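Coordinates as given in coords10.cif (mmCIF, C-alpha atoms and all ligand atoms):
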```
data_run
#
loop_
_atom_site.group_PDB
_atom_site.id
_atom_site.type_symbol
_atom_site.label_atom_id
_atom_site.label_comp_id
_atom_site.auth_asym_id
_atom_site.auth_seq_id
_atom_site.Cartn_x
_atom_site.Cartn_y
_atom_site.Cartn_z
ATOM 1 C CA MET E 1 -58.728 -148.096 -24.675
ATOM 2 C CA ALA E 2 -56.953 -150.906 -22.868
ATOM 3 C CA GLY E 3 -55.192 -150.167 -19.606
ATOM 4 C CA SER E 4 -51.477 -149.823 -19.038
ATOM 5 C CA THR E 5 -49.056 -152.427 -17.793
ATOM 6 C CA LEU E 6 -46.221 -151.727 -15.368
ATOM 7 C CA GLU E 7 -43.652 -154.497 -15.404
ATOM 8 C CA ILE E 8 -40.950 -154.577 -12.752
ATOM 9 C CA LYS E 9 -38.252 -157.088 -13.631
ATOM 10 C CA ASP E 10 -35.406 -158.255 -11.397
ATOM 11 C CA LEU E 11 -35.106 -154.785 -9.872
ATOM 12 C CA HIS E 12 -32.034 -154.136 -7.749
ATOM 13 C CA VAL E 13 -31.754 -150.789 -5.979
ATOM 14 C CA SER E 14 -29.006 -149.367 -3.787
ATOM 15 C CA VAL E 15 -29.016 -146.429 -1.422
ATOM 16 C CA GLU E 16 -25.649 -144.965 -0.525
ATOM 17 C CA GLY E 17 -23.950 -148.148 -1.646
ATOM 18 C CA ASN E 18 -26.242 -150.497 0.303
ATOM 19 C CA GLU E 19 -28.341 -152.820 -1.779
ATOM 20 C CA ILE E 20 -31.938 -152.534 -0.541
ATOM 21 C CA LEU E 21 -33.935 -154.168 -3.333
ATOM 22 C CA LYS E 22 -32.549 -157.494 -4.438
ATOM 23 C CA GLY E 23 -34.512 -158.603 -7.444
ATOM 24 C CA VAL E 24 -38.128 -157.452 -7.293
ATOM 25 C CA ASN E 25 -40.506 -158.900 -9.871
ATOM 26 C CA LEU E 26 -44.034 -157.546 -10.101
ATOM 27 C CA THR E 27 -46.509 -156.795 -12.873
ATOM 28 C CA ILE E 28 -49.466 -154.442 -12.421
ATOM 29 C CA LYS E 29 -52.026 -154.099 -15.175
ATOM 30 C CA GLY E 30 -54.835 -151.626 -15.731
ATOM 31 C CA GLY E 31 -57.928 -152.811 -13.892
ATOM 32 C CA GLU E 32 -55.885 -154.583 -11.192
ATOM 33 C CA PHE E 33 -55.560 -153.655 -7.522
ATOM 34 C CA HIS E 34 -52.420 -155.036 -5.885
ATOM 35 C CA ALA E 35 -51.597 -154.777 -2.199
ATOM 36 C CA ILE E 36 -48.078 -155.147 -0.891
ATOM 37 C CA MET E 37 -47.481 -155.895 2.758
ATOM 38 C CA GLY E 38 -44.380 -156.740 4.723
ATOM 39 C CA PRO E 39 -42.619 -155.943 7.974
ATOM 40 C CA ASN E 40 -40.891 -152.592 8.551
ATOM 41 C CA GLY E 41 -37.641 -151.997 6.726
ATOM 42 C CA THR E 42 -38.092 -154.621 4.030
ATOM 43 C CA GLY E 43 -37.941 -152.251 1.050
ATOM 44 C CA LYS E 44 -41.547 -151.312 0.257
ATOM 45 C CA SER E 45 -41.045 -147.532 0.178
ATOM 46 C CA THR E 46 -37.730 -148.028 -1.602
ATOM 47 C CA LEU E 47 -39.618 -149.788 -4.381
ATOM 48 C CA ALA E 48 -42.069 -146.876 -4.579
ATOM 49 C CA SER E 49 -39.245 -144.310 -4.704
ATOM 50 C CA ALA E 50 -37.345 -146.264 -7.348
ATOM 51 C CA ILE E 51 -40.414 -146.464 -9.576
ATOM 52 C CA MET E 52 -40.905 -142.691 -9.408
ATOM 53 C CA GLY E 53 -37.198 -141.974 -9.897
ATOM 54 C CA HIS E 54 -36.113 -140.531 -6.560
ATOM 55 C CA PRO E 55 -32.485 -139.481 -7.127
ATOM 56 C CA SER E 56 -31.145 -141.155 -3.934
ATOM 57 C CA TYR E 57 -32.177 -144.578 -5.166
ATOM 58 C CA GLU E 58 -29.755 -146.083 -7.658
ATOM 59 C CA VAL E 59 -31.051 -148.855 -9.847
ATOM 60 C CA THR E 60 -28.132 -151.225 -10.334
ATOM 61 C CA LYS E 61 -29.915 -153.950 -12.248
ATOM 62 C CA GLY E 62 -33.264 -154.823 -13.800
ATOM 63 C CA SER E 63 -35.915 -152.798 -15.525
ATOM 64 C CA ILE E 64 -39.265 -151.079 -15.082
ATOM 65 C CA LEU E 65 -41.404 -151.046 -18.191
ATOM 66 C CA LEU E 66 -44.584 -149.059 -18.671
ATOM 67 C CA ASP E 67 -46.346 -150.412 -21.746
ATOM 68 C CA GLY E 68 -42.993 -151.670 -22.942
ATOM 69 C CA GLU E 69 -41.193 -148.316 -22.485
ATOM 70 C CA GLU E 70 -38.222 -148.206 -20.118
ATOM 71 C CA VAL E 71 -39.248 -146.010 -17.193
ATOM 72 C CA LEU E 72 -35.671 -145.952 -15.904
ATOM 73 C CA ASP E 73 -34.690 -143.847 -18.925
ATOM 74 C CA MET E 74 -37.303 -141.208 -18.042
ATOM 75 C CA GLU E 75 -36.911 -138.145 -15.828
ATOM 76 C CA VAL E 76 -39.288 -137.834 -12.871
ATOM 77 C CA ASP E 77 -41.618 -135.456 -14.729
ATOM 78 C CA GLU E 78 -41.677 -137.762 -17.750
ATOM 79 C CA ARG E 79 -42.725 -140.609 -15.496
ATOM 80 C CA ALA E 80 -45.639 -138.544 -14.237
ATOM 81 C CA ARG E 81 -46.560 -137.606 -17.797
ATOM 82 C CA ALA E 82 -46.406 -141.267 -18.779
ATOM 83 C CA GLY E 83 -49.103 -141.913 -16.172
ATOM 84 C CA LEU E 84 -47.285 -142.941 -12.999
ATOM 85 C CA PHE E 85 -48.258 -141.486 -9.645
ATOM 86 C CA LEU E 86 -46.911 -141.930 -6.121
ATOM 87 C CA ALA E 87 -48.752 -141.043 -2.935
ATOM 88 C CA MET E 88 -45.891 -140.731 -0.495
ATOM 89 C CA GLN E 89 -45.676 -142.328 2.938
ATOM 90 C CA TYR E 90 -44.417 -138.979 4.226
ATOM 91 C CA PRO E 91 -45.721 -136.193 1.947
ATOM 92 C CA SER E 92 -43.432 -133.154 1.756
ATOM 93 C CA GLU E 93 -44.450 -129.737 2.987
ATOM 94 C CA ILE E 94 -43.904 -126.973 0.441
ATOM 95 C CA SER E 95 -44.012 -123.530 1.912
ATOM 96 C CA GLY E 96 -45.020 -120.676 -0.383
ATOM 97 C CA VAL E 97 -46.971 -122.863 -2.822
ATOM 98 C CA THR E 98 -50.678 -123.206 -2.218
ATOM 99 C CA THR E 99 -52.260 -126.622 -2.576
ATOM 100 C CA SER E 100 -54.497 -125.274 -5.321
ATOM 101 C CA ASP E 101 -51.573 -123.823 -7.340
ATOM 102 C CA PHE E 102 -49.612 -127.020 -6.873
ATOM 103 C CA LEU E 103 -52.499 -129.128 -8.139
ATOM 104 C CA ARG E 104 -53.065 -126.912 -11.170
ATOM 105 C CA SER E 105 -49.349 -126.895 -12.038
ATOM 106 C CA SER E 106 -49.211 -130.674 -11.707
ATOM 107 C CA ILE E 107 -52.202 -131.139 -13.978
ATOM 108 C CA ASN E 108 -50.763 -128.737 -16.545
ATOM 109 C CA ALA E 109 -47.330 -130.345 -16.396
ATOM 110 C CA ILE E 110 -48.990 -133.618 -17.345
ATOM 111 C CA ARG E 111 -51.302 -132.133 -19.994
ATOM 112 C CA GLY E 112 -48.406 -130.268 -21.591
ATOM 113 C CA GLU E 113 -47.889 -126.811 -23.068
ATOM 114 C CA GLY E 114 -50.748 -125.446 -25.102
ATOM 115 C CA ASN E 115 -53.163 -127.891 -23.502
ATOM 116 C CA GLU E 116 -53.493 -126.305 -20.049
ATOM 117 C CA ILE E 117 -56.680 -126.952 -18.119
ATOM 118 C CA PRO E 118 -59.048 -123.949 -18.298
ATOM 119 C CA LEU E 119 -59.178 -122.244 -14.901
ATOM 120 C CA MET E 120 -62.926 -122.643 -14.458
ATOM 121 C CA GLN E 121 -62.763 -126.337 -15.318
ATOM 122 C CA PHE E 122 -59.937 -126.798 -12.836
ATOM 123 C CA ILE E 123 -61.877 -125.069 -10.058
ATOM 124 C CA LYS E 124 -64.963 -127.137 -10.819
ATOM 125 C CA GLU E 125 -63.047 -130.426 -10.781
ATOM 126 C CA MET E 126 -61.118 -129.498 -7.661
ATOM 127 C CA ASP E 127 -64.286 -128.467 -5.821
ATOM 128 C CA GLU E 128 -65.957 -131.750 -6.737
ATOM 129 C CA LYS E 129 -63.028 -133.776 -5.442
ATOM 130 C CA LEU E 130 -62.691 -131.667 -2.292
ATOM 131 C CA GLU E 131 -66.314 -132.365 -1.571
ATOM 132 C CA ALA E 132 -66.012 -136.101 -2.257
ATOM 133 C CA LEU E 133 -63.012 -136.318 0.058
ATOM 134 C CA GLU E 134 -64.692 -134.102 2.644
ATOM 135 C CA ILE E 135 -61.759 -131.730 2.626
ATOM 136 C CA ASP E 136 -62.496 -128.190 3.738
ATOM 137 C CA LYS E 137 -62.294 -125.776 0.784
ATOM 138 C CA SER E 138 -60.002 -123.476 2.717
ATOM 139 C CA MET E 139 -57.309 -126.142 2.649
ATOM 140 C CA ALA E 140 -56.781 -125.596 -1.073
ATOM 141 C CA GLN E 141 -55.583 -122.059 -0.303
ATOM 142 C CA ARG E 142 -53.093 -123.187 2.341
ATOM 143 C CA TYR E 143 -49.452 -123.950 1.546
ATOM 144 C CA LEU E 144 -49.012 -127.534 0.433
ATOM 145 C CA ASN E 145 -49.083 -129.853 3.427
ATOM 146 C CA GLU E 146 -47.757 -127.117 5.723
ATOM 147 C CA GLY E 147 -49.220 -127.698 9.157
ATOM 148 C CA PHE E 148 -51.612 -130.309 7.746
ATOM 149 C CA SER E 149 -52.496 -133.070 10.166
ATOM 150 C CA GLY E 150 -51.356 -136.577 9.311
ATOM 151 C CA GLY E 151 -54.787 -137.490 7.999
ATOM 152 C CA GLU E 152 -55.127 -134.241 6.023
ATOM 153 C CA LYS E 153 -51.846 -134.970 4.237
ATOM 154 C CA LYS E 154 -53.095 -138.411 3.226
ATOM 155 C CA ARG E 155 -56.407 -137.060 1.939
ATOM 156 C CA ASN E 156 -54.458 -134.459 0.010
ATOM 157 C CA GLU E 157 -52.417 -137.183 -1.709
ATOM 158 C CA ILE E 158 -55.655 -138.826 -2.813
ATOM 159 C CA LEU E 159 -56.997 -135.467 -3.942
ATOM 160 C CA GLN E 160 -53.951 -135.199 -6.210
ATOM 161 C CA MET E 161 -54.486 -138.704 -7.513
ATOM 162 C CA SER E 162 -58.168 -138.091 -8.270
ATOM 163 C CA LEU E 163 -57.321 -134.957 -10.237
ATOM 164 C CA LEU E 164 -54.263 -136.318 -12.062
ATOM 165 C CA LYS E 165 -55.992 -139.566 -13.051
ATOM 166 C CA PRO E 166 -52.830 -141.644 -13.387
ATOM 167 C CA LYS E 167 -52.675 -144.969 -15.209
ATOM 168 C CA ILE E 168 -50.761 -146.648 -12.411
ATOM 169 C CA ALA E 169 -50.744 -145.314 -8.844
ATOM 170 C CA ILE E 170 -48.505 -146.423 -6.011
ATOM 171 C CA LEU E 171 -50.051 -145.590 -2.662
ATOM 172 C CA ASP E 172 -47.557 -145.856 0.187
ATOM 173 C CA GLU E 173 -49.332 -146.348 3.520
ATOM 174 C CA ILE E 174 -52.238 -144.178 2.459
ATOM 175 C CA ASP E 175 -54.158 -145.515 5.474
ATOM 176 C CA SER E 176 -51.648 -144.492 8.127
ATOM 177 C CA GLY E 177 -52.922 -141.711 10.334
ATOM 178 C CA LEU E 178 -56.471 -141.836 8.995
ATOM 179 C CA ASP E 179 -59.340 -141.973 11.452
ATOM 180 C CA ILE E 180 -62.092 -144.522 10.867
ATOM 181 C CA ASP E 181 -64.327 -142.160 8.861
ATOM 182 C CA ALA E 182 -61.429 -140.826 6.801
ATOM 183 C CA LEU E 183 -60.343 -144.380 5.992
ATOM 184 C CA LYS E 184 -63.764 -144.988 4.491
ATOM 185 C CA ILE E 185 -63.730 -141.705 2.531
ATOM 186 C CA VAL E 186 -60.249 -142.313 1.129
ATOM 187 C CA SER E 187 -61.115 -145.914 0.268
ATOM 188 C CA ASP E 188 -64.236 -144.753 -1.588
ATOM 189 C CA ALA E 189 -62.124 -142.314 -3.596
ATOM 190 C CA ILE E 190 -59.690 -145.082 -4.535
ATOM 191 C CA ASN E 191 -62.520 -147.455 -5.414
ATOM 192 C CA ASP E 192 -64.028 -144.729 -7.613
ATOM 193 C CA MET E 193 -60.880 -144.906 -9.733
ATOM 194 C CA ARG E 194 -61.466 -148.584 -10.498
ATOM 195 C CA SER E 195 -61.561 -149.072 -14.260
ATOM 196 C CA GLU E 196 -59.639 -150.873 -16.958
ATOM 197 C CA GLU E 197 -57.534 -147.713 -17.340
ATOM 198 C CA PHE E 198 -56.320 -147.685 -13.749
ATOM 199 C CA GLY E 199 -54.075 -150.055 -11.831
ATOM 200 C CA THR E 200 -52.703 -149.586 -8.338
ATOM 201 C CA LEU E 201 -50.138 -150.907 -5.913
ATOM 202 C CA ILE E 202 -51.252 -150.255 -2.362
ATOM 203 C CA ILE E 203 -48.590 -150.531 0.316
ATOM 204 C CA THR E 204 -50.155 -151.183 3.694
ATOM 205 C CA HIS E 205 -49.544 -152.806 7.062
ATOM 206 C CA TYR E 206 -53.174 -153.433 7.789
ATOM 207 C CA GLN E 207 -55.681 -155.861 6.419
ATOM 208 C CA ARG E 208 -58.374 -153.443 7.630
ATOM 209 C CA LEU E 209 -57.806 -151.204 4.608
ATOM 210 C CA LEU E 210 -58.325 -154.230 2.388
ATOM 211 C CA ASN E 211 -61.823 -154.678 3.800
ATOM 212 C CA TYR E 212 -62.673 -151.420 2.036
ATOM 213 C CA ILE E 213 -60.428 -151.762 -0.991
ATOM 214 C CA LYS E 214 -60.602 -155.287 -2.321
ATOM 215 C CA PRO E 215 -57.238 -156.244 -3.768
ATOM 216 C CA ASP E 216 -57.029 -158.738 -6.607
ATOM 217 C CA TYR E 217 -53.519 -159.708 -5.513
ATOM 218 C CA VAL E 218 -51.616 -159.511 -2.242
ATOM 219 C CA HIS E 219 -47.811 -159.637 -2.123
ATOM 220 C CA VAL E 220 -45.409 -159.854 0.781
ATOM 221 C CA MET E 221 -42.023 -158.207 0.748
ATOM 222 C CA MET E 222 -39.095 -159.386 2.847
ATOM 223 C CA GLN E 223 -35.349 -158.833 2.463
ATOM 224 C CA GLY E 224 -35.898 -156.580 -0.539
ATOM 225 C CA ARG E 225 -37.840 -159.114 -2.578
ATOM 226 C CA VAL E 226 -41.430 -160.173 -3.158
ATOM 227 C CA VAL E 227 -41.347 -163.471 -1.313
ATOM 228 C CA LYS E 228 -44.972 -164.494 -1.525
ATOM 229 C CA SER E 229 -48.018 -163.608 -3.632
ATOM 230 C CA GLY E 230 -51.613 -164.633 -3.258
ATOM 231 C CA GLY E 231 -55.145 -163.301 -3.043
ATOM 232 C CA PRO E 232 -56.974 -161.427 -0.266
ATOM 233 C CA GLU E 233 -56.831 -164.552 1.924
ATOM 234 C CA LEU E 234 -53.069 -164.021 2.296
ATOM 235 C CA ALA E 235 -53.666 -160.612 3.926
ATOM 236 C CA LYS E 236 -56.268 -162.155 6.247
ATOM 237 C CA ARG E 237 -53.853 -164.839 7.370
ATOM 238 C CA LEU E 238 -51.107 -162.271 8.019
ATOM 239 C CA GLU E 239 -53.517 -160.168 10.081
ATOM 240 C CA GLU E 240 -54.453 -163.187 12.169
ATOM 241 C CA GLU E 241 -51.111 -164.913 12.491
ATOM 242 C CA GLY E 242 -48.418 -162.314 11.784
ATOM 243 C CA TYR E 243 -45.344 -163.014 9.675
ATOM 244 C CA GLU E 244 -43.707 -165.781 11.708
ATOM 245 C CA TRP E 245 -45.317 -168.696 9.834
ATOM 246 C CA LEU E 246 -44.234 -167.233 6.512
ATOM 247 C CA LYS E 247 -40.668 -166.714 7.684
ATOM 248 C CA GLU E 248 -40.593 -170.323 8.823
ATOM 249 C CA GLU E 249 -42.049 -171.504 5.528
ATOM 250 C CA LEU E 250 -39.397 -169.562 3.627
ATOM 251 C CA GLY E 251 -36.541 -170.255 6.035
ATOM 252 C CA ILE E 252 -36.015 -166.552 6.756
ATOM 253 C CA LYS E 253 -34.684 -165.593 10.198
ATOM 254 C CA ASP E 254 -34.436 -161.830 9.803
ATOM 255 C CA GLU E 255 -36.768 -160.286 7.247
ATOM 256 C CA THR E 256 -35.170 -156.830 7.097
ATOM 257 C CA VAL E 257 -32.959 -155.843 4.214
ATOM 258 C CA GLY E 258 -29.355 -156.893 4.447
ATOM 259 C CA GLN E 259 -30.014 -159.767 6.845
ATOM 260 C CA GLU E 260 -29.835 -162.836 4.649
ATOM 261 C CA ALA E 261 -31.452 -166.044 5.952
HETATM 262 N N1 LIG I 1 -32.389 -142.743 1.808
HETATM 263 C C1 LIG I 1 -31.994 -143.777 2.551
HETATM 264 N N2 LIG I 1 -30.798 -143.740 3.206
HETATM 265 C C2 LIG I 1 -30.391 -144.777 3.956
HETATM 266 N N3 LIG I 1 -31.090 -145.912 4.122
HETATM 267 C C3 LIG I 1 -32.252 -146.005 3.501
HETATM 268 C C4 LIG I 1 -32.785 -144.955 2.686
HETATM 269 N N4 LIG I 1 -33.976 -145.345 2.202
HETATM 270 C C5 LIG I 1 -34.186 -146.568 2.689
HETATM 271 N N5 LIG I 1 -33.154 -146.972 3.458
HETATM 272 C C6 LIG I 1 -33.068 -148.225 4.209
HETATM 273 O O1 LIG I 1 -33.625 -149.255 3.400
HETATM 274 C C7 LIG I 1 -34.345 -150.172 4.194
HETATM 275 C C8 LIG I 1 -35.751 -150.307 3.633
HETATM 276 O O2 LIG I 1 -36.437 -149.083 3.823
HETATM 277 P P1 LIG I 1 -37.917 -148.834 3.292
HETATM 278 O O3 LIG I 1 -38.277 -147.443 3.656
HETATM 279 O O4 LIG I 1 -37.982 -149.201 1.859
HETATM 280 O O5 LIG I 1 -38.737 -149.880 4.152
HETATM 281 P P2 LIG I 1 -40.301 -150.139 4.230
HETATM 282 O O6 LIG I 1 -40.506 -151.560 3.862
HETATM 283 O O7 LIG I 1 -41.021 -149.099 3.477
HETATM 284 O O8 LIG I 1 -40.561 -149.970 5.801
HETATM 285 P P3 LIG I 1 -41.843 -149.363 6.604
HETATM 286 O O9 LIG I 1 -42.857 -150.439 6.609
HETATM 287 O O10 LIG I 1 -41.296 -149.103 7.972
HETATM 288 O O11 LIG I 1 -42.284 -148.120 5.902
HETATM 289 C C9 LIG I 1 -34.320 -149.641 5.614
HETATM 290 O O12 LIG I 1 -33.323 -150.318 6.333
HETATM 291 C C10 LIG I 1 -33.962 -148.181 5.432
HETATM 292 O O13 LIG I 1 -33.286 -147.647 6.538
HETATM 293 MG MG MG I 2 -42.277 -147.559 3.995
#
```
Could the structure of this file be written out as structure tokens, please?
Ligand SMILES: Nc1ncnc2c1ncn2[C@@H]1O[C@H](COP(=O)(O)OP(=O)(O)OP(=O)(O)O)[C@@H](O)[C@H]1O
Ligand SMILES: [Mg+2]
Amino acid sequence: MAGSTLEIKDLHVSVEGNEILKGVNLTIKGGEFHAIMGPNGTGKSTLASAIMGHPSYEVTKGSILLDGEEVLDMEVDERARAGLFLAMQYPSEISGVTTSDFLRSSINAIRGEGNEIPLMQFIKEMDEKLEALEIDKSMAQRYLNEGFSGGEKKRNEILQMSLLKPKIAILDEIDSGLDIDALKIVSDAINDMRSEEFGTLIITHYQRLLNYIKPDYVHVMMQGRVVKSGGPELAKRLEEEGYEWLKEELGIKDETVGQEA
């Protein structure tokens, strides 16, 4: 089976009447690892939210196609069922729902009625992933993300991803808050997903993550657009020299959204 293709074309997104994304073009195919970098407030998380269908983000122009199907016409749950996954920059806490119940419901929502995962199989798979991610088993019985440390929340997002096995995953600052060992563990889990059936867009500020997870492509976002694309060497140069040279090259004074030229 060939992998999926997510095609983002001339995407414009507004929040409360302010245009944040101003024509994003990006294609992610199964088997490809893409990294997206860029200064704060340039629209990276907005792109992630728009892809998953967050209701506050209004798409005013453009399209998002998953294997040729218009994602913008799908509800959030349909997007997940179609194989899209988002690890959030700030995962939500859900009181009253255990992590384990949440994971099982998510898996079953994707598998669909009549095709629910057998309980024993779920427990086995969850235990395997908990072990791989070095997450304490007791965490599965705690309410989702409630009182979790920053790093625990991030590991939990990757736990979800490993169990849901999406076709295309968007990982928003999955490295933030992780200690050095956890960074390695999470990176291993992401690398384990590498196959023709899996593509990912990794949003990060730090080249360090890309030492563990080798991206095939690196993109830079400024002013709500992808302004530069390259290979891993682009991330290395940004780490060493910052963004100033790129802003000069592109004639950009203020890179944040809404500050043209
Ligand atoms: N729900 C919202 N309401 C108001 N403004 C928003 C909302 N979401 C995003 N914005 C604004 O859009 C701009 C881009 O935000 P976004 O979170 O996409 O940036 P980012 O590139 O992810 O930044 P960071 O690297 O700091 O995470 C910011 O100016 C932000 O304040
Ligand atoms: Mg962000």
Please evaluate the PyMOL selection byres (((not hetatm)) within 10 of (chain I and resi 1)) against the displayed coordinates and give the resulting residues as a ChimeraX atom specification. /E:13-21,36-50,54-57,89-90,172-173,203-205,221-224,256-258
**Asked** Could you name the residues that touch Ser100 of chain E at 12 Å or less, counting all atoms listed in the file, but leaving out those on the same chain fewer than 2 positions away, as a ChimeraX atom specification?
**Response** /E:96-98,102-107,119,122-127,130,137-145,156,159-160,163
My list of candidates is E:Leu178, E:Val220, E:Ala109, E:Ala80. Which is closest to Ala235 of chain E when distances are computed with all atoms listed in the file?
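Result for the nearest residue to Ala235 of chain E: E:Val220.
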If you count all atoms listed in the file, the residue of E:Leu164, E:Ile117, E:Ile158, E:Ile174 closest to ligand MG 2 (chain I) turns out to be E:Ile174
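In this comparison, which uses only C-alpha atoms and all ligand atoms, the residue of E:Asp216, E:Asn25, E:Ile170, E:His34 approaching ligand MG 2 (chain I) most closely is E:Ile170.
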Handout entry: Nearest-residue call for ligand MG 2 (chain I), choices E:Arg155, E:Ser176, E:Met120, E:Glu128, using only C-alpha atoms and all ligand atoms
Key =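 For ligand MG 2 (chain I), the nearest of the candidates is E:Ser176.
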Apply the PyMOL selection byres (((chain E and resi 233) around 12) and not hetatm) to the displayed file and report the matching residues as a ChimeraX atom specification.
/E:35,207,210-211,214-219,229-232,234-240
State, in Å with one decimal place, the distance from atom CA of Gly30 of chain E to atom CA of His12 of chain E.
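One can read the atom CA of Gly30 of chain E to atom CA of His12 of chain E distance as 24.3 Å.
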Hey, what comes out of the PyMOL selection byres (((chain E and resi 196) around 7) and not hetatm) on this file? Could you write it as a VMD selection string? chain E and resid 2 to 3 30 to 31 195 197 to 198
From the list E:Ile202, E:Glu116, E:Gly23, E:Leu250, the nearest residue to ligand MG 2 (chain I) using all atoms listed in the file is E:Ile202
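Taking atom CA of Ala182 of chain E and atom CA of Glu134 of chain E as endpoints, the distance between them is 8.6 Å.
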Please report the interatomic distance between atom CA of Glu152 of chain E and atom CA of Leu171 of chain E in Å with one decimal.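 Taking atom CA of Glu152 of chain E and atom CA of Leu171 of chain E, their separation equals 15.2 Å.
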| request: Counting all atoms listed in the file, figure out which residue out of E:Glu78, E:Lys61, E:Leu26, E:Met88 gets nearest to ligand MG 2 (chain I). | output: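 Of E:Glu78, E:Lys61, E:Leu26, E:Met88, the one nearest ligand MG 2 (chain I), counting all atoms listed in the file, is E:Met88.
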With N, CA and C atoms as the goal, would you fill in the gaps in segment 140-154 of chain E and present it as an mmCIF file, keeping the file's coordinate frame?
```cif
data_model
loop_
_atom_site.group_PDB
_atom_site.id
_atom_site.type_symbol
_atom_site.label_atom_id
_atom_site.label_comp_id
_atom_site.auth_asym_id
_atom_site.auth_seq_id
_atom_site.Cartn_x
_atom_site.Cartn_y
_atom_site.Cartn_z
ATOM 1 N N ALA E 140 -57.362 -125.778 0.257
ATOM 2 C CA ALA E 140 -56.781 -125.596 -1.073
ATOM 3 C C ALA E 140 -55.969 -124.312 -1.141
ATOM 4 N N GLN E 141 -56.290 -123.346 -0.286
ATOM 5 C CA GLN E 141 -55.583 -122.059 -0.303
ATOM 6 C C GLN E 141 -54.414 -122.033 0.673
ATOM 7 N N ARG E 142 -54.234 -123.131 1.417
ATOM 8 C CA ARG E 142 -53.093 -123.187 2.341
ATOM 9 C C ARG E 142 -51.872 -123.737 1.614
ATOM 10 N N TYR E 143 -50.676 -123.429 2.156
ATOM 11 C CA TYR E 143 -49.452 -123.950 1.546
ATOM 12 C C TYR E 143 -49.466 -125.470 1.630
ATOM 13 N N LEU E 144 -48.920 -126.084 0.598
ATOM 14 C CA LEU E 144 -49.012 -127.534 0.433
ATOM 15 C C LEU E 144 -48.489 -128.298 1.656
ATOM 16 N N ASN E 145 -49.390 -128.981 2.283
ATOM 17 C CA ASN E 145 -49.083 -129.853 3.427
ATOM 18 C C ASN E 145 -48.556 -129.144 4.671
ATOM 19 N N GLU E 146 -48.344 -127.810 4.578
ATOM 20 C CA GLU E 146 -47.757 -127.117 5.723
ATOM 21 C C GLU E 146 -48.744 -127.062 6.882
ATOM 22 N N GLY E 147 -48.357 -127.672 7.985
ATOM 23 C CA GLY E 147 -49.220 -127.698 9.157
ATOM 24 C C GLY E 147 -50.412 -128.622 9.005
ATOM 25 N N PHE E 148 -50.504 -129.355 7.901
ATOM 26 C CA PHE E 148 -51.612 -130.309 7.746
ATOM 27 C C PHE E 148 -51.455 -131.427 8.771
ATOM 28 N N SER E 149 -52.555 -131.917 9.269
ATOM 29 C CA SER E 149 -52.496 -133.070 10.166
ATOM 30 C C SER E 149 -52.131 -134.291 9.334
ATOM 31 N N GLY E 150 -51.742 -135.355 10.020
ATOM 32 C CA GLY E 150 -51.356 -136.577 9.311
ATOM 33 C C GLY E 150 -52.436 -137.033 8.342
ATOM 34 N N GLY E 151 -53.671 -137.045 8.826
ATOM 35 C CA GLY E 151 -54.787 -137.490 7.999
ATOM 36 C C GLY E 151 -55.072 -136.544 6.842
ATOM 37 N N GLU E 152 -54.906 -135.231 7.094
ATOM 38 C CA GLU E 152 -55.127 -134.241 6.023
ATOM 39 C C GLU E 152 -54.117 -134.428 4.893
ATOM 40 N N LYS E 153 -52.873 -134.732 5.263
ATOM 41 C CA LYS E 153 -51.846 -134.970 4.237
ATOM 42 C C LYS E 153 -52.227 -136.159 3.358
ATOM 43 N N LYS E 154 -52.739 -137.201 3.978
ATOM 44 C CA LYS E 154 -53.095 -138.411 3.226
ATOM 45 C C LYS E 154 -54.281 -138.136 2.291
#
```
